Amino acid sequence: MNPPRNFEEVIIPYLQHARQHQRSYETTTHRVKHLREAFAGKIMNDLNGQQIREYTSKRMAAGASAATINRELSALSAAINWCNVEYEWGLPNPVKGRKSREPEGRVRWITPAEVEALCREARMLKYGDNLEDFIRLAANTGCRKEEMLGLEWRRVDLHNRLIHLEGQHTKAGKRRSIPINEGALAALKGRMAFRAKHCPASPWVFCRPTGERAVSVRVGFEKACQKAGITDFVIHDLRHTCAAHLISAGVPLSEVRDLLGHSTVTMTERYAHLAPARVRDAVAVLDRENGMSRSRYADVPVHQGGRPLKLVTP
């Protein structure tokens, strides 16, 4: 019979492991904070589905979203599974099958004109050139915030116009190369000029005048959004913006998936509705298959005097 193991015995060694192996360690510790409030001191051998449901209900009452609760429960599940594998404790894992249903993922993006407006406002702030280049690079490559703030010059190949990301730099843990278009090149040239002026020896693309790595652009970004009149927009939405512009221009979902580094095309399909031409081409096949069958209304124009006809409903 397995000896009793309390919450702390499970979560502490898991967090020690996560500190060394997880890029999202800080996020994990934030999620564990809420778990600790609910499960501190509890014997994990006795953990059951009722306790998981009670946790979910309590967090929902506190205003947490289904997605947030699921991420917290995933951290608990990962800790239990890790201890079962590493220490062979045989603890129950009642999280499985008890996560909440989440709404469709958020997709917020801005137009090219709004990107320019955002860049103009960013330029007016302290160290605004740094923020402007950050925005332009994100909007032209779809890179994540951490991928850009951790980008080193040795992984920027200007000759072949590629940015190389190794597995340790990406969320999916897989290496990928990102093409550098003119917009991205302009941003990188801005960073090169900054580096040459302030800190020629700095290895970081986004750095402070001292040469140290820039760790955050959030405050400046929020100010720029406010001045540009862009609401409900966060840094990660620049990644959505890149994807939206590509899909709207007719780039296949599979190619956008590879650029963004999605492990499956399922994540990329969130943007599929931005390519209505694909659907029009699909239903046009029916016209060809049916021999362009005509109805008695086939010759009725849909425009009159250069303006669309109004539909009158009974």
# chains A, B, ... in the order shown; residues from 1 in each chain; ligands from 1
$ residues_around --residues "Val156 of chain A" --least-positions-apart "4" --cutoff "12 Å" --atoms "only C-alpha atoms" --output "ChimeraX atom specification"
/A:148,150-152,160-166,177-180,184-185,188-189,191-192,203-205
$ write_last_selection --atoms "C-alpha atoms" --output "PDB file, in the first residue's frame"
ATOM      1  CA  MET A 148      11.728  37.820 -30.213  1.00  0.00           C
ATOM      2  CA  GLY A 150      15.223  36.040 -26.656  1.00  0.00           C
ATOM      3  CA  LEU A 151      16.481  36.432 -30.222  1.00  0.00           C
ATOM      4  CA  GLU A 152      20.261  36.610 -30.645  1.00  0.00           C
ATOM      5  CA  ASN A 160      19.787  34.085 -46.700  1.00  0.00           C
ATOM      6  CA  ARG A 161      17.159  36.295 -45.043  1.00  0.00           C
ATOM      7  CA  LEU A 162      16.153  33.786 -42.375  1.00  0.00           C
ATOM      8  CA  ILE A 163      15.637  33.807 -38.622  1.00  0.00           C
ATOM      9  CA  HIS A 164      16.598  30.465 -37.083  1.00  0.00           C
ATOM     10  CA  LEU A 165      14.816  29.273 -33.938  1.00  0.00           C
ATOM     11  CA  GLU A 166      16.063  26.144 -32.196  1.00  0.00           C
ATOM     12  CA  SER A 177      13.239  28.988 -39.797  1.00  0.00           C
ATOM     13  CA  ILE A 178      11.317  32.164 -40.513  1.00  0.00           C
ATOM     14  CA  PRO A 179      11.756  34.116 -43.766  1.00  0.00           C
ATOM     15  CA  ILE A 180      12.698  37.777 -43.454  1.00  0.00           C
ATOM     16  CA  ALA A 184      11.007  42.385 -40.994  1.00  0.00           C
ATOM     17  CA  LEU A 185      14.289  43.468 -42.592  1.00  0.00           C
ATOM     18  CA  LEU A 188      16.169  44.318 -37.975  1.00  0.00           C
ATOM     19  CA  LYS A 189      18.106  47.153 -39.619  1.00  0.00           C
ATOM     20  CA  ARG A 191      17.991  47.131 -34.266  1.00  0.00           C
ATOM     21  CA  MET A 192      21.379  46.948 -35.993  1.00  0.00           C
ATOM     22  CA  PRO A 203      24.286  39.505 -28.518  1.00  0.00           C
ATOM     23  CA  TRP A 204      20.579  40.448 -28.252  1.00  0.00           C
ATOM     24  CA  VAL A 205      18.448  41.812 -31.078  1.00  0.00           C
TER      25      VAL A 205
END
$ atom_distance --atom1 "atom CA of Ala187 of chain A" --atom2 "atom CA of Cys119 of chain A"
11.1 Å
$ residues_around --residues "segment 62-76 of chain A" --least-positions-apart "2" --cutoff "9 Å" --atoms "only C-alpha atoms" --output "MDAnalysis selection string"
chainID A and resid 11 28 30:32 34:35 52 55:60 78:81 93 95 99:103
$ select_by_dssp --residues "segment 122-294 of chain A" --states "alpha helix (DSSP H)" --output "number ranges by chain"
A: 122-123, 128-141, 145-149, 182-198, 218-228, 237-248, 253-260, 265-268, 276-289
$ closest_residue --among "A:Asn2, A:Ala224, A:Gly142, A:Glu255" --to "Lys126 of chain A" --atoms "only C-alpha atoms"
A:Ala224
$ select_by_dssp --residues "segment 136-254 of chain A" --states "strand (DSSP E)" --output "VMD selection string"
chain A and resid 156 to 157 162 to 165 176 to 179
$ write_last_selection --atoms "N, CA, C and O atoms" --output "PDB file, in the first residue's frame"
ATOM      1  N   VAL A 156      20.274  35.257 -36.666  1.00  0.00           N
ATOM      2  CA  VAL A 156      19.702  36.072 -37.738  1.00  0.00           C
ATOM      3  C   VAL A 156      20.625  35.972 -38.948  1.00  0.00           C
ATOM      4  O   VAL A 156      21.760  36.451 -38.930  1.00  0.00           O
ATOM      5  N   ASP A 157      20.146  35.332 -39.997  1.00  0.00           N
ATOM      6  CA  ASP A 157      20.935  35.115 -41.214  1.00  0.00           C
ATOM      7  C   ASP A 157      20.455  36.110 -42.271  1.00  0.00           C
ATOM      8  O   ASP A 157      19.518  35.841 -43.025  1.00  0.00           O
ATOM      9  N   LEU A 162      16.864  34.747 -43.219  1.00  0.00           N
ATOM     10  CA  LEU A 162      16.153  33.786 -42.375  1.00  0.00           C
ATOM     11  C   LEU A 162      16.460  34.056 -40.903  1.00  0.00           C
ATOM     12  O   LEU A 162      17.574  34.450 -40.550  1.00  0.00           O
ATOM     13  N   ILE A 163      15.454  33.831 -40.073  1.00  0.00           N
ATOM     14  CA  ILE A 163      15.637  33.807 -38.622  1.00  0.00           C
ATOM     15  C   ILE A 163      15.539  32.353 -38.198  1.00  0.00           C
ATOM     16  O   ILE A 163      14.566  31.671 -38.516  1.00  0.00           O
ATOM     17  N   HIS A 164      16.562  31.865 -37.490  1.00  0.00           N
ATOM     18  CA  HIS A 164      16.598  30.465 -37.083  1.00  0.00           C
ATOM     19  C   HIS A 164      16.228  30.349 -35.604  1.00  0.00           C
ATOM     20  O   HIS A 164      16.859  30.969 -34.748  1.00  0.00           O
ATOM     21  N   LEU A 165      15.230  29.542 -35.309  1.00  0.00           N
ATOM     22  CA  LEU A 165      14.816  29.273 -33.938  1.00  0.00           C
ATOM     23  C   LEU A 165      15.059  27.798 -33.643  1.00  0.00           C
ATOM     24  O   LEU A 165      14.563  26.936 -34.368  1.00  0.00           O
ATOM     25  N   ARG A 176      12.540  25.868 -36.172  1.00  0.00           N
ATOM     26  CA  ARG A 176      11.939  26.341 -37.409  1.00  0.00           C
ATOM     27  C   ARG A 176      12.700  27.569 -37.905  1.00  0.00           C
ATOM     28  O   ARG A 176      13.365  28.247 -37.115  1.00  0.00           O
ATOM     29  N   SER A 177      12.599  27.822 -39.190  1.00  0.00           N
ATOM     30  CA  SER A 177      13.239  28.988 -39.797  1.00  0.00           C
ATOM     31  C   SER A 177      12.158  29.901 -40.355  1.00  0.00           C
ATOM     32  O   SER A 177      11.193  29.433 -40.971  1.00  0.00           O
ATOM     33  N   ILE A 178      12.332  31.191 -40.133  1.00  0.00           N
ATOM     34  CA  ILE A 178      11.317  32.164 -40.513  1.00  0.00           C
ATOM     35  C   ILE A 178      11.897  33.100 -41.569  1.00  0.00           C
ATOM     36  O   ILE A 178      12.929  33.753 -41.332  1.00  0.00           O
ATOM     37  N   PRO A 179      11.259  33.212 -42.727  1.00  0.00           N
ATOM     38  CA  PRO A 179      11.756  34.116 -43.766  1.00  0.00           C
ATOM     39  C   PRO A 179      11.683  35.579 -43.319  1.00  0.00           C
ATOM     40  O   PRO A 179      10.773  35.974 -42.598  1.00  0.00           O
TER      41      PRO A 179
END
$ closest_residue --among "A:Asn181, A:Gln16, A:Asn6, A:Gln226" --to "Gly41 of chain A" --atoms "only C-alpha atoms"
A:Asn6
$ residues_around --residues "Ile235 of chain A" --least-positions-apart "6" --cutoff "9 Å" --atoms "only C-alpha atoms" --output "JSON, numbers by chain"
{"A": [135, 138, 144, 145, 217, 218, 221, 222]}
$ write_last_selection --atoms "N, CA, C and O atoms" --output "JSON list (two decimals), in the first residue's frame"
[["chain", "number", "residue", "atom", "x", "y", "z"],
["A", 135, "ILE", "N", 7.18, 45.69, -32.89],
["A", 135, "ILE", "CA", 5.84, 45.55, -33.49],
["A", 135, "ILE", "C", 5.95, 45.12, -34.94],
["A", 135, "ILE", "O", 5.25, 44.21, -35.40],
["A", 138, "ALA", "N", 7.13, 41.46, -35.26],
["A", 138, "ALA", "CA", 6.07, 40.52, -34.88],
["A", 138, "ALA", "C", 5.01, 40.43, -35.96],
["A", 138, "ALA", "O", 4.54, 39.33, -36.31],
["A", 144, "ARG", "N", 6.42, 34.71, -31.55],
["A", 144, "ARG", "CA", 5.91, 34.97, -30.21],
["A", 144, "ARG", "C", 6.80, 35.98, -29.50],
["A", 144, "ARG", "O", 7.96, 36.18, -29.87],
["A", 145, "LYS", "N", 6.25, 36.60, -28.46],
["A", 145, "LYS", "CA", 6.99, 37.61, -27.70],
["A", 145, "LYS", "C", 8.31, 37.05, -27.19],
["A", 145, "LYS", "O", 9.37, 37.67, -27.34],
["A", 217, "VAL", "N", 8.14, 44.64, -23.08],
["A", 217, "VAL", "CA", 7.74, 45.85, -23.82],
["A", 217, "VAL", "C", 6.26, 46.16, -23.53],
["A", 217, "VAL", "O", 5.66, 46.96, -24.22],
["A", 218, "ARG", "N", 5.72, 45.50, -22.52],
["A", 218, "ARG", "CA", 4.27, 45.58, -22.28],
["A", 218, "ARG", "C", 3.79, 46.99, -21.97],
["A", 218, "ARG", "O", 2.79, 47.44, -22.54],
["A", 221, "PHE", "N", 3.88, 49.16, -25.02],
["A", 221, "PHE", "CA", 2.91, 48.66, -26.00],
["A", 221, "PHE", "C", 1.51, 49.11, -25.63],
["A", 221, "PHE", "O", 0.73, 49.54, -26.50],
["A", 222, "GLU", "N", 1.15, 49.01, -24.37],
["A", 222, "GLU", "CA", -0.18, 49.41, -23.93],
["A", 222, "GLU", "C", -0.40, 50.91, -24.13],
["A", 222, "GLU", "O", -1.49, 51.34, -24.52]]
$ closest_residue --among "A:Val251, A:Cys207, A:Val219, A:Ala272" --to "Trp153 of chain A" --atoms "only C-alpha atoms"
A:Cys207
$ residues_around --residues "segment 19-26 of chain A" --least-positions-apart "3" --cutoff "9 Å" --atoms "only C-alpha atoms" --output "count of residues only"
10
$ atom_distance --atom1 "atom CA of Gly90 of chain A" --atom2 "atom CA of Val10 of chain A"
11.9 Å
